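A.B. asks: Sending over query_8.cif (mmCIF, C-alpha atoms and all ligand atoms).
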```cif
data_upload
#
loop_
_atom_site.label_atom_id
_atom_site.label_comp_id
_atom_site.auth_asym_id
_atom_site.auth_seq_id
_atom_site.Cartn_x
_atom_site.Cartn_y
_atom_site.Cartn_z
CA MET A 1 15.81 24.22 11.81
CA SER A 2 14.01 25.25 8.67
CA ALA A 3 13.13 22.99 5.73
CA GLN A 4 14.19 23.50 2.13
CA ILE A 5 11.39 25.07 0.06
CA ILE A 6 11.04 23.06 -3.16
CA ASP A 7 10.72 25.56 -5.99
CA GLY A 8 8.20 23.91 -8.30
CA LYS A 9 7.69 27.12 -10.23
CA ALA A 10 11.39 27.30 -11.18
CA PHE A 11 11.60 23.57 -12.00
CA ALA A 12 8.48 23.88 -14.14
CA ALA A 13 9.92 26.89 -16.00
CA GLY A 14 13.01 24.81 -16.86
CA LEU A 15 10.88 21.89 -18.00
CA ARG A 16 8.71 24.16 -20.15
CA ALA A 17 11.82 25.64 -21.78
CA ARG A 18 13.09 22.11 -22.60
CA VAL A 19 9.69 21.19 -24.00
CA GLY A 20 9.91 24.33 -26.15
CA GLU A 21 13.26 23.11 -27.54
CA GLY A 22 11.68 19.71 -28.14
CA VAL A 23 8.83 21.35 -30.05
CA ALA A 24 11.34 23.10 -32.35
CA ALA A 25 13.23 19.82 -32.92
CA PHE A 26 9.96 18.00 -33.64
CA HIS A 27 8.97 20.66 -36.13
CA ALA A 28 12.33 20.37 -37.89
CA ALA A 29 11.99 16.56 -38.06
CA SER A 30 8.32 16.29 -39.04
CA GLY A 31 7.18 19.65 -40.42
CA ARG A 32 4.37 19.64 -37.86
CA VAL A 33 3.59 21.74 -34.80
CA PRO A 34 2.13 19.77 -31.85
CA GLY A 35 -1.41 20.77 -30.86
CA LEU A 36 -3.32 20.61 -27.57
CA ALA A 37 -7.12 20.90 -27.46
CA VAL A 38 -8.75 21.96 -24.19
CA VAL A 39 -12.50 21.58 -23.71
CA LEU A 40 -14.21 23.72 -21.08
CA VAL A 41 -17.85 23.18 -20.17
CA GLY A 42 -19.57 26.00 -18.27
CA GLU A 43 -18.25 29.19 -16.75
CA ASP A 44 -16.69 28.09 -13.46
CA PRO A 45 -14.24 30.98 -12.83
CA ALA A 46 -11.46 28.78 -11.38
CA SER A 47 -11.68 26.40 -14.36
CA ALA A 48 -11.65 29.35 -16.77
CA VAL A 49 -8.44 30.63 -15.13
CA TYR A 50 -6.76 27.21 -15.47
CA VAL A 51 -7.81 26.88 -19.10
CA ARG A 52 -6.47 30.33 -19.90
CA SER A 53 -3.11 29.62 -18.25
CA LYS A 54 -2.86 26.25 -20.03
CA GLY A 55 -3.49 27.97 -23.38
CA LYS A 56 -0.85 30.61 -22.67
CA ALA A 57 1.74 28.02 -21.60
CA THR A 58 0.95 25.92 -24.69
CA ARG A 59 1.59 28.84 -27.05
CA GLU A 60 4.74 29.88 -25.13
CA ALA A 61 6.13 26.37 -25.72
CA GLY A 62 5.55 26.87 -29.45
CA MET A 63 2.57 24.53 -29.69
CA GLN A 64 -0.90 25.15 -31.10
CA SER A 65 -3.68 25.66 -28.56
CA PHE A 66 -7.28 24.88 -29.49
CA GLU A 67 -9.97 25.96 -27.04
CA HIS A 68 -13.54 24.67 -27.11
CA ARG A 69 -16.02 26.38 -24.80
CA LEU A 70 -19.40 24.76 -24.37
CA PRO A 71 -22.38 26.03 -22.35
CA ALA A 72 -22.98 24.59 -18.86
CA ASP A 73 -26.23 22.96 -20.05
CA VAL A 74 -24.63 21.27 -23.10
CA ASP A 75 -26.09 17.91 -24.13
CA GLN A 76 -23.77 15.04 -23.26
CA ASP A 77 -24.07 13.80 -26.86
CA ASP A 78 -22.93 17.17 -28.17
CA LEU A 79 -19.90 17.07 -25.88
CA LEU A 80 -19.10 13.52 -27.04
CA ALA A 81 -19.41 14.72 -30.65
CA VAL A 82 -16.79 17.42 -29.99
CA ILE A 83 -14.46 14.75 -28.59
CA ASP A 84 -15.06 12.51 -31.62
CA ARG A 85 -14.12 15.41 -33.87
CA LEU A 86 -10.91 16.09 -31.91
CA ASN A 87 -10.06 12.36 -31.93
CA GLY A 88 -10.17 12.49 -35.73
CA ASP A 89 -8.33 15.82 -36.15
CA ALA A 90 -4.73 15.21 -37.29
CA GLU A 91 -3.64 18.63 -35.91
CA VAL A 92 -4.64 17.61 -32.38
CA ASP A 93 -2.09 15.54 -30.43
CA GLY A 94 -3.59 16.02 -26.97
CA ILE A 95 -7.15 16.37 -25.68
CA LEU A 96 -7.98 17.65 -22.20
CA VAL A 97 -11.54 18.00 -20.92
CA GLN A 98 -11.40 20.30 -17.91
CA LEU A 99 -12.86 18.68 -14.77
CA PRO A 100 -15.14 18.83 -12.90
CA LEU A 101 -18.00 18.59 -15.43
CA PRO A 102 -21.57 19.69 -14.64
CA PRO A 103 -23.57 17.07 -12.69
CA HIS A 104 -25.81 16.06 -15.64
CA ILE A 105 -22.76 14.79 -17.53
CA ASP A 106 -21.28 11.31 -16.96
CA GLU A 107 -17.60 12.14 -16.41
CA GLN A 108 -16.46 8.56 -17.01
CA ALA A 109 -18.33 8.40 -20.34
CA VAL A 110 -16.53 11.55 -21.46
CA ILE A 111 -13.08 10.40 -20.34
CA THR A 112 -13.45 6.99 -22.01
CA ARG A 113 -14.52 8.65 -25.28
CA ILE A 114 -11.10 10.31 -25.66
CA ASP A 115 -8.68 8.36 -27.87
CA PRO A 116 -6.26 6.87 -25.29
CA ASP A 117 -3.37 7.88 -27.57
CA LYS A 118 -4.44 11.56 -27.28
CA ASP A 119 -5.31 11.35 -23.58
CA VAL A 120 -2.53 13.64 -22.30
CA ASP A 121 -4.22 13.84 -18.87
CA GLY A 122 -3.70 10.07 -18.52
CA PHE A 123 -7.23 9.66 -17.11
CA HIS A 124 -8.52 7.05 -19.61
CA PRO A 125 -8.80 3.55 -18.08
CA VAL A 126 -6.49 2.25 -20.82
CA ASN A 127 -3.76 4.62 -19.61
CA ALA A 128 -4.48 3.82 -15.96
CA GLY A 129 -4.03 0.15 -16.91
CA ARG A 130 -0.84 0.85 -18.81
CA LEU A 131 0.57 2.69 -15.80
CA ALA A 132 -0.44 -0.13 -13.44
CA THR A 133 1.20 -2.77 -15.64
CA GLY A 134 4.35 -0.82 -16.60
CA LEU A 135 3.47 -0.19 -20.25
CA ASP A 136 4.13 3.07 -22.11
CA GLY A 137 1.13 5.38 -22.00
CA PHE A 138 0.31 8.80 -20.59
CA VAL A 139 1.03 9.37 -16.92
CA PRO A 140 -1.31 11.83 -15.14
CA CYS A 141 0.41 15.22 -15.01
CA THR A 142 0.15 16.07 -11.32
CA PRO A 143 1.65 12.78 -10.01
CA ALA A 144 4.30 12.86 -12.75
CA GLY A 145 5.28 16.36 -11.63
CA CYS A 146 5.42 15.26 -7.98
CA VAL A 147 7.87 12.44 -8.85
CA MET A 148 10.11 14.87 -10.74
CA LEU A 149 10.27 17.17 -7.70
CA LEU A 150 10.90 14.21 -5.37
CA LYS A 151 13.78 12.87 -7.50
CA ASP A 152 15.25 16.34 -7.88
CA THR A 153 15.17 16.79 -4.10
CA LEU A 154 16.04 13.28 -2.85
CA GLY A 155 17.74 11.50 -5.76
CA ASP A 156 16.97 7.77 -5.78
CA LEU A 157 13.66 7.05 -4.01
CA SER A 158 14.26 3.30 -3.73
CA GLY A 159 13.31 1.82 -0.34
CA LEU A 160 11.83 5.02 1.09
CA ASP A 161 8.54 4.91 3.02
CA ALA A 162 5.92 6.99 1.19
CA VAL A 163 2.42 7.91 2.31
CA VAL A 164 -0.11 9.18 -0.24
CA ILE A 165 -3.08 10.87 1.43
CA GLY A 166 -5.98 10.68 -1.03
CA ARG A 167 -7.08 7.90 -3.41
CA SER A 168 -8.68 9.71 -6.34
CA ASN A 169 -8.26 8.38 -9.88
CA ILE A 170 -6.58 11.60 -10.99
CA VAL A 171 -4.05 12.13 -8.18
CA GLY A 172 -3.84 9.61 -5.32
CA LYS A 173 -4.01 6.29 -7.20
CA PRO A 174 -1.62 7.15 -10.05
CA MET A 175 0.70 8.78 -7.48
CA ALA A 176 0.83 5.48 -5.57
CA GLN A 177 1.54 3.58 -8.83
CA LEU A 178 4.45 5.86 -9.70
CA LEU A 179 5.96 5.54 -6.22
CA ILE A 180 5.67 1.74 -6.43
CA ALA A 181 7.53 1.95 -9.75
CA GLU A 182 10.22 3.99 -7.96
CA SER A 183 10.54 1.14 -5.43
CA CYS A 184 9.09 3.06 -2.48
CA THR A 185 7.12 1.26 0.20
CA VAL A 186 3.75 2.88 -0.36
CA THR A 187 0.82 3.46 2.01
CA VAL A 188 -2.37 5.04 0.66
CA ALA A 189 -4.47 6.87 3.26
CA HIS A 190 -8.01 8.25 2.82
CA SER A 191 -11.05 9.41 4.77
CA ARG A 192 -11.48 6.01 6.46
CA THR A 193 -7.86 5.76 7.58
CA ARG A 194 -7.48 5.27 11.33
CA ASP A 195 -4.75 7.29 13.03
CA LEU A 196 -3.62 9.35 10.04
CA ALA A 197 -1.07 11.14 12.23
CA GLY A 198 0.50 7.79 13.14
CA VAL A 199 0.66 6.72 9.48
CA VAL A 200 2.25 10.04 8.46
CA ALA A 201 4.80 9.80 11.28
CA ARG A 202 6.51 6.81 9.61
CA ALA A 203 6.89 8.40 6.18
CA ASP A 204 10.04 9.67 4.50
CA ILE A 205 7.79 11.04 1.74
CA VAL A 206 4.34 12.57 2.36
CA ILE A 207 2.06 13.37 -0.59
CA ALA A 208 -0.99 15.37 0.50
CA ALA A 209 -3.86 15.23 -2.04
CA VAL A 210 -6.97 15.68 0.07
CA GLY A 211 -8.50 19.07 -0.66
CA ARG A 212 -8.72 20.22 2.99
CA ALA A 213 -6.92 23.39 3.92
CA GLU A 214 -3.86 22.86 6.16
CA MET A 215 -5.12 19.58 7.65
CA ILE A 216 -1.70 17.83 7.69
CA LYS A 217 0.08 19.16 10.76
CA GLY A 218 3.79 19.77 11.10
CA GLU A 219 3.97 17.83 14.35
CA TRP A 220 2.71 14.65 12.59
CA LEU A 221 5.79 14.55 10.36
CA LYS A 222 8.92 12.46 10.73
CA PRO A 223 11.80 14.92 11.16
CA GLY A 224 13.49 15.48 7.78
CA ALA A 225 10.57 14.12 5.72
CA CYS A 226 9.99 15.38 2.17
CA VAL A 227 6.49 16.86 1.90
CA ILE A 228 4.69 17.34 -1.43
CA ASP A 229 1.52 19.40 -1.07
CA VAL A 230 -0.89 18.85 -3.99
CA GLY A 231 -3.83 20.59 -2.33
CA ILE A 232 -5.26 23.79 -3.81
CA ASN A 233 -7.69 25.40 -1.37
CA ARG A 234 -9.13 28.87 -1.75
CA THR A 235 -9.64 30.42 1.70
CA ALA A 236 -10.31 33.91 3.00
CA ALA A 237 -6.54 34.09 3.62
CA GLY A 238 -5.80 33.21 -0.02
CA LEU A 239 -4.60 30.03 -1.74
CA VAL A 240 -3.34 27.38 0.71
CA GLY A 241 -2.37 23.72 0.47
CA ASP A 242 -3.42 20.63 2.43
CA VAL A 243 -0.34 20.97 4.66
CA ASP A 244 0.16 23.39 7.53
CA PHE A 245 3.13 25.01 5.78
CA ALA A 246 4.58 26.93 8.74
CA GLY A 247 4.37 23.85 10.99
CA ALA A 248 5.91 21.61 8.30
CA MET A 249 8.78 24.05 7.74
CA SER A 250 10.05 23.51 11.28
CA VAL A 251 10.03 19.65 11.12
CA ALA A 252 10.36 18.54 7.48
CA GLY A 253 13.51 18.36 5.38
CA ALA A 254 11.82 19.83 2.31
CA VAL A 255 8.33 21.16 1.50
CA THR A 256 6.54 22.35 -1.64
CA PRO A 257 4.79 25.71 -1.24
CA VAL A 258 1.25 26.54 -2.42
CA PRO A 259 1.22 28.37 -4.74
CA GLY A 260 4.49 27.78 -6.57
CA GLY A 261 4.91 24.04 -5.91
CA VAL A 262 3.01 21.24 -7.61
CA GLY A 263 0.55 23.40 -9.61
CA PRO A 264 3.07 24.77 -12.12
CA MET A 265 4.48 21.24 -12.56
CA THR A 266 1.05 19.97 -13.62
CA ILE A 267 0.94 22.41 -16.52
CA ALA A 268 4.55 21.75 -17.55
CA CYS A 269 3.90 17.98 -17.56
CA LEU A 270 0.78 18.51 -19.67
CA LEU A 271 2.91 20.24 -22.31
CA ARG A 272 5.48 17.45 -22.08
CA ASN A 273 2.79 14.78 -22.56
CA THR A 274 1.53 16.66 -25.62
CA LEU A 275 5.05 16.70 -27.09
CA ILE A 276 5.41 12.96 -26.35
CA SER A 277 2.06 12.34 -28.06
CA ALA A 278 3.12 14.25 -31.17
CA HIS A 279 6.30 12.17 -31.44
CA ARG A 280 4.47 8.87 -30.97
CA ARG A 281 1.77 9.73 -33.47
CA ALA A 282 4.34 10.83 -36.06
CA GLY A 283 6.63 7.87 -35.37
CA VAL A 284 9.51 10.27 -34.68
CA PRO A 285 11.79 9.27 -31.77
CA MET A 286 11.88 11.90 -29.03
CA ILE A 287 15.17 13.24 -27.70
CA GLU A 288 14.83 13.10 -23.89
CA THR A 289 15.43 16.47 -22.32
CA ALA A 290 15.66 15.30 -18.72
CA PRO A 291 18.18 17.23 -16.60
CA ASN A 292 18.77 14.37 -14.16
CA GLY A 293 16.73 11.44 -15.38
CA GLY A 294 14.03 12.80 -13.11
CA GLU A 295 11.52 13.13 -15.90
CA ARG A 296 9.68 10.03 -16.96
N1 LIG A 301 -1.79 21.15 -7.91
C1 LIG A 301 -2.45 20.55 -8.89
O1 LIG A 301 -2.00 20.56 -10.01
C2 LIG A 301 -3.69 19.83 -8.61
C3 LIG A 301 -4.28 19.99 -7.38
N2 LIG A 301 -5.40 19.29 -7.05
C4 LIG A 301 -5.89 19.47 -5.68
O2 LIG A 301 -5.55 18.31 -4.93
C5 LIG A 301 -6.55 18.04 -3.97
C6 LIG A 301 -7.08 16.64 -4.17
O3 LIG A 301 -7.66 16.53 -5.44
P1 LIG A 301 -8.48 15.22 -5.90
O4 LIG A 301 -7.65 14.01 -5.72
O5 LIG A 301 -9.06 15.53 -7.21
O6 LIG A 301 -9.63 15.24 -4.77
P2 LIG A 301 -10.81 14.21 -4.42
O7 LIG A 301 -11.81 15.00 -3.67
O8 LIG A 301 -11.20 13.43 -5.62
O9 LIG A 301 -10.10 13.18 -3.41
C7 LIG A 301 -9.76 13.56 -2.11
C8 LIG A 301 -9.23 12.35 -1.36
O10 LIG A 301 -8.93 12.78 -0.02
C9 LIG A 301 -9.49 11.87 0.89
N3 LIG A 301 -9.89 12.53 2.13
C10 LIG A 301 -10.92 13.40 2.33
N4 LIG A 301 -10.97 13.78 3.61
C11 LIG A 301 -9.98 13.14 4.24
C12 LIG A 301 -9.52 13.11 5.59
N5 LIG A 301 -10.12 13.84 6.53
N6 LIG A 301 -8.47 12.34 5.89
C13 LIG A 301 -7.84 11.61 4.94
N7 LIG A 301 -8.22 11.60 3.65
C14 LIG A 301 -9.27 12.35 3.31
C15 LIG A 301 -10.70 11.28 0.19
O11 LIG A 301 -10.97 10.02 0.79
P3 LIG A 301 -12.20 9.07 0.30
O12 LIG A 301 -11.72 8.44 -0.97
O13 LIG A 301 -12.33 8.10 1.42
O14 LIG A 301 -13.38 9.95 0.13
C16 LIG A 301 -10.21 11.20 -1.24
O15 LIG A 301 -9.56 9.98 -1.51
C17 LIG A 301 -7.58 19.16 -4.14
O16 LIG A 301 -7.24 20.22 -3.26
C18 LIG A 301 -7.37 19.61 -5.57
O17 LIG A 301 -7.77 20.94 -5.77
C19 LIG A 301 -5.95 18.39 -7.92
C20 LIG A 301 -5.43 18.20 -9.17
C21 LIG A 301 -4.26 18.95 -9.63
N1 LIG A 302 -8.80 17.48 -17.07
C1 LIG A 302 -8.21 18.12 -16.05
N2 LIG A 302 -6.88 18.04 -15.92
C2 LIG A 302 -6.24 18.69 -14.89
O1 LIG A 302 -5.00 18.62 -14.77
C3 LIG A 302 -7.04 19.45 -13.98
C4 LIG A 302 -8.42 19.50 -14.17
N3 LIG A 302 -8.98 18.81 -15.20
N4 LIG A 302 -9.21 20.19 -13.31
C5 LIG A 302 -8.64 20.99 -12.24
C6 LIG A 302 -7.32 20.43 -11.75
C7 LIG A 302 -6.48 21.42 -10.98
N5 LIG A 302 -5.31 21.64 -11.80
C8 LIG A 302 -4.34 22.61 -11.54
C9 LIG A 302 -3.43 23.01 -12.50
C10 LIG A 302 -2.54 24.04 -12.25
C11 LIG A 302 -2.52 24.68 -11.05
C12 LIG A 302 -1.59 25.82 -10.83
O2 LIG A 302 -0.84 26.20 -11.71
N6 LIG A 302 -1.60 26.43 -9.64
C13 LIG A 302 -0.77 27.58 -9.29
C14 LIG A 302 -1.60 28.71 -8.73
C15 LIG A 302 -2.76 29.09 -9.58
C16 LIG A 302 -3.69 30.07 -8.87
O3 LIG A 302 -3.19 31.09 -8.37
O4 LIG A 302 -4.87 29.76 -8.82
C17 LIG A 302 0.20 27.18 -8.20
O5 LIG A 302 -0.11 26.25 -7.45
O6 LIG A 302 1.24 27.82 -8.09
C18 LIG A 302 -3.40 24.27 -10.07
C19 LIG A 302 -4.29 23.24 -10.31
C20 LIG A 302 -5.39 20.89 -12.92
N7 LIG A 302 -6.48 20.14 -12.93
#
```
Spit out the file's structure as structure tokens when you get a sec.
Ligand SMILES: NC(=O)C1=CN([C@@H]2O[C@H](COP(=O)(O)OP(=O)(O)OC[C@H]3O[C@@H](n4cnc5c(N)ncnc54)[C@H](OP(=O)(O)O)[C@@H]3O)[C@@H](O)[C@H]2O)C=CC1
Ligand SMILES: Nc1nc(=O)c2c([nH]1)NC[C@@H]1CN(c3ccc(C(=O)N[C@@H](CCC(=O)O)C(=O)O)cc3)C=[N+]21
C.D. replies:
Amino acid sequence: MSAQIIDGKAFAAGLRARVGEGVAAFHAASGRVPGLAVVLVGEDPASAVYVRSKGKATREAGMQSFEHRLPADVDQDDLLAVIDRLNGDAEVDGILVQLPLPPHIDEQAVITRIDPDKDVDGFHPVNAGRLATGLDGFVPCTPAGCVMLLKDTLGDLSGLDAVVIGRSNIVGKPMAQLLIAESCTVTVAHSRTRDLAGVVARADIVIAAVGRAEMIKGEWLKPGACVIDVGINRTAAGLVGDVDFAGAMSVAGAVTPVPGGVGPMTIACLLRNTLISAHRRAGVPMIETAPNGGER
């Protein structure tokens, strides 16, 4: 038996095309073009690659891309001043500060400086609170993309047992919130979890967001489980996820590959959040472009 490979790259391409149509409709309704500002501090090559691909995807969707590159030794106050300027810039609908930041910068101080209504990453505590209480806000892109792939693969998620491995503010915690909202029974595992294999064995849905190459083994899985691999690990053998892909393929029902799974969804959801932000800020109602109600 061999699992279905969930084609995140193809789903993301479709979503980006629908966002592009939404951008054209927004322009016709408001006369404005949505804009996304990305702030990159330092020269980390992986971060530079992400920022470049975000800029390209932004322009391909018909939106304006603003890039701000700051030196690795930038003063925190100078970085905060850039954010203040972007908060006040009417052309900017979304602000993303690429993480991680250099160690001398207080990441939380930077995130909380972003206007929550331009926080298209959904990392501001106001947006985390909105998500936790069921209010409209910005949902973090990676977990939002994971839910779209899950719904596209499984349909209704209600009542399913889900395990999220990882409890970070940017992936694990918001992922758990979204699965609760989908009426899953959610377990959150982390580095102190006892018997991770036993926890995973009960799950219909496994979300791996750990950052350890191929640590989730195929033989841990419940046969037929749906496995979403968020991990991005650079190894000598190339880019691999947190899941042992070959092992998972022989037990699971469906698996996301790395690359070509969750990563492209993150970027597509970032563009979608920027389009949502433009509509909210202009007071123009957005025409939902969901193919199956799977986008939220
Ligand atoms: N595809 C995409 O678009 C994106 C991919 N990523 C990738 O996802 C992964 C996770 O990212 P992020 O959440 O930021 O990472 P963090 O390092 O912030 O969090 C990792 C989590 O994994 C847990 N963990 C570590 N070791 C173990 C273990 N042995 N067993 C169980 N849990 C463990 C940690 O537990 P504890 O809290 O106890 O320390 C922590 O909660 C990374 O590979 C990252 O590159 C991230 C963002 C977007
Ligand atoms: N403020 C902020 N917001 C983020 O959303 C954010 C961030 N900081 N810092 C870094 C992480 C990581 N992240 C990814 C985005 C796309 C891919 C992606 O497109 N990956 C491709 C492969 C890319 C490659 O080959 O390297 C894929 O999986 O197919 C991966 C990872 C966003 N992050």
A.B. asks: Identify which of the residues A:Ala282, A:Ala237, A:Ile180, A:Val38 lies closest to ligand LIG 302 (chain A), counting only C-alpha atoms and all ligand atoms when measuring atom-to-atom distances.
C.D. replies: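 Of all the options, A:Val38 lies closest to ligand LIG 302 (chain A).
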A.B. asks: As an exercise, work out the distance from atom CA of A:Met1 to atom CA of A:Gly253 in Å and give it to one decimal place.
C.D. replies: 9.0 Å
A.B. asks: Could you name the residues that touch A:Val200 at 12 Å or less, counting only C-alpha atoms, but leaving out those on the same chain fewer than 4 positions away, as a VMD selection string?
C.D. replies: chain A and resid 161 to 165 186 to 190 193 to 196 204 to 208 216 to 223 225 to 227 243 252
A.B. asks: Show me which residues line ligand LIG 301 (chain A), defined as having an atom within 8 Å of a ligand atom where only C-alpha atoms and all ligand atoms count, and present them as a VMD selection string.
C.D. replies: chain A and resid 141 to 142 165 to 172 189 to 193 196 208 to 213 215 229 to 233 241 to 242 261 to 267
A.B. asks: Axis-aligned box over every listed atom of stretch 190-207 of chain A, padded by 4 Å per side: centre and edges in Å to one decimal, as JSON?
C.D. replies:
```
{"center_x": -0.7, "center_y": 9.3, "center_z": 6.3, "size_x": 29.5, "size_y": 16.1, "size_z": 21.7}
```
A.B. asks: What is the atom CA of A:Val147-atom CA of A:Ala29 distance in Å, reported with one decimal?
C.D. replies: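 Straight-line distance from atom CA of A:Val147 to atom CA of A:Ala29 works out to 29.8 Å.
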A.B. asks: Hey, which of A:Gln177, A:Gln98, A:Gln64, A:Asn273 ends up closest to ligand LIG 302 (chain A)? Count all atoms listed in the file.
C.D. replies: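 With all atoms listed in the file as the atom set, the closest residue is A:Gln98.
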A.B. asks: Calculate how many Å separate atom CA of A:Arg32 from atom CA of A:Val97, rounding to one decimal.
C.D. replies: 23.3 Å
A.B. asks: For a quick check of understanding, using all atoms listed in the file, which of A:Phe138, A:Phe123, A:Phe11, A:Phe245 has the smallest distance to ligand LIG 302 (chain A)?
C.D. replies: A:Phe123
A.B. asks: Excluding same-chain residues fewer than 6 positions from A:Asp93, what lies within 8 Å of it counting only C-alpha atoms, as an MDAnalysis selection string?
C.D. replies: chainID A and resid 34:37 118 274:275 277:278 281
A.B. asks: At a cut-off of 12 Å around the point (-15.3, 17.3, -31.3) (file coordinates), what residues fall inside when counting only C-alpha atoms? I'd like the answer as an mmCIF file with C-alpha atoms, in the frame of the given file.
C.D. replies:
```
data_model
loop_
_atom_site.group_PDB
_atom_site.id
_atom_site.type_symbol
_atom_site.label_atom_id
_atom_site.label_comp_id
_atom_site.auth_asym_id
_atom_site.auth_seq_id
_atom_site.Cartn_x
_atom_site.Cartn_y
_atom_site.Cartn_z
ATOM 1 C CA ALA A 37 -7.120 20.900 -27.460
ATOM 2 C CA VAL A 38 -8.750 21.960 -24.190
ATOM 3 C CA VAL A 39 -12.500 21.580 -23.710
ATOM 4 C CA PHE A 66 -7.280 24.880 -29.490
ATOM 5 C CA GLU A 67 -9.970 25.960 -27.040
ATOM 6 C CA HIS A 68 -13.540 24.670 -27.110
ATOM 7 C CA ARG A 69 -16.020 26.380 -24.800
ATOM 8 C CA LEU A 70 -19.400 24.760 -24.370
ATOM 9 C CA GLN A 76 -23.770 15.040 -23.260
ATOM 10 C CA ASP A 77 -24.070 13.800 -26.860
ATOM 11 C CA ASP A 78 -22.930 17.170 -28.170
ATOM 12 C CA LEU A 79 -19.900 17.070 -25.880
ATOM 13 C CA LEU A 80 -19.100 13.520 -27.040
ATOM 14 C CA ALA A 81 -19.410 14.720 -30.650
ATOM 15 C CA VAL A 82 -16.790 17.420 -29.990
ATOM 16 C CA ILE A 83 -14.460 14.750 -28.590
ATOM 17 C CA ASP A 84 -15.060 12.510 -31.620
ATOM 18 C CA ARG A 85 -14.120 15.410 -33.870
ATOM 19 C CA LEU A 86 -10.910 16.090 -31.910
ATOM 20 C CA ASN A 87 -10.060 12.360 -31.930
ATOM 21 C CA GLY A 88 -10.170 12.490 -35.730
ATOM 22 C CA ASP A 89 -8.330 15.820 -36.150
ATOM 23 C CA VAL A 92 -4.640 17.610 -32.380
ATOM 24 C CA ILE A 95 -7.150 16.370 -25.680
ATOM 25 C CA LEU A 96 -7.980 17.650 -22.200
ATOM 26 C CA VAL A 97 -11.540 18.000 -20.920
ATOM 27 C CA VAL A 110 -16.530 11.550 -21.460
ATOM 28 C CA ARG A 113 -14.520 8.650 -25.280
ATOM 29 C CA ILE A 114 -11.100 10.310 -25.660
ATOM 30 C CA ASP A 115 -8.680 8.360 -27.870
#
```
A.B. asks: Find the residues near A:Ala57: any atom within 10 Å, counting only C-alpha atoms, skip ones fewer than 3 places away on the same chain, and give them as a PyMOL selection string.
C.D. replies: chain A and resi 13+16+51-54+60-63+65+267-268+270-271
A.B. asks: For A:Pro116, which residue out of A:Pro143, A:Gly159, A:Gly137, A:Pro257 is the nearest one, using all atoms listed in the file?
C.D. replies: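 Smallest separation from A:Pro116 among the options: A:Gly137.
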A.B. asks: Between A:Lys173, A:Arg280, A:Lys9, A:Arg59, which is the closest to ligand LIG 302 (chain A) once you count only C-alpha atoms and all ligand atoms?
C.D. replies: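 Distance minimum relative to ligand LIG 302 (chain A) lands on A:Lys9.
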A.B. asks: For A:Pro102, work out the shell of residues within 9 Å, counting all atoms listed in the file and skipping chain neighbours fewer than 6 positions away, then give it as a ChimeraX atom specification.
C.D. replies: /A:41-42,72-73
A.B. asks: Using all atoms listed in the file, determine which residues lie at most 10 Å from A:Ala181, disregarding the query and same-chain residues fewer than 6 positions distant; provide the list as a PyMOL selection string.
C.D. replies: chain A and resi 131-134+157-158+175
A.B. asks: Check the smallest atom-to-atom distance from each of A:Glu288, A:Glu91, A:Asp7, A:Asp119 to A:Gly31 using only C-alpha atoms, then report the winner.
C.D. replies: A:Glu91
A.B. asks: For stretch 201-211 of chain A of the structure just presented, write N, CA and C atoms to a file, as a tab-separated table (two decimals), in the first residue's frame.
C.D. replies:
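selection_36.tsv, freshly written:
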```tsv
chain	number	residue	atom	x	y	z
A	201	ALA	N	0.49	7.20	17.58
A	201	ALA	CA	-0.21	6.00	17.12
A	201	ALA	C	-1.73	6.13	17.17
A	202	ARG	N	-2.24	7.05	18.00
A	202	ARG	CA	-3.70	7.22	18.13
A	202	ARG	C	-4.27	8.21	17.11
A	203	ALA	N	-3.41	8.90	16.39
A	203	ALA	CA	-3.87	10.09	15.64
A	203	ALA	C	-4.32	9.78	14.22
A	204	ASP	N	-5.48	10.37	13.87
A	204	ASP	CA	-5.94	10.36	12.48
A	204	ASP	C	-5.19	11.42	11.67
A	205	ILE	N	-4.78	12.48	12.38
A	205	ILE	CA	-4.06	13.60	11.75
A	205	ILE	C	-2.77	13.83	12.54
A	206	VAL	N	-1.64	13.85	11.86
A	206	VAL	CA	-0.35	14.14	12.51
A	206	VAL	C	0.24	15.38	11.86
A	207	ILE	N	0.49	16.40	12.68
A	207	ILE	CA	1.17	17.61	12.19
A	207	ILE	C	2.55	17.62	12.82
A	208	ALA	N	3.59	17.54	12.00
A	208	ALA	CA	4.95	17.52	12.52
A	208	ALA	C	5.58	18.89	12.33
A	209	ALA	N	5.85	19.60	13.44
A	209	ALA	CA	6.47	20.94	13.38
A	209	ALA	C	7.53	21.02	14.46
A	210	VAL	N	8.59	20.27	14.26
A	210	VAL	CA	9.63	20.08	15.27
A	210	VAL	C	10.95	20.74	14.85
A	211	GLY	N	11.35	20.50	13.60
A	211	GLY	CA	12.65	20.97	13.15
A	211	GLY	C	13.75	19.95	13.38
```
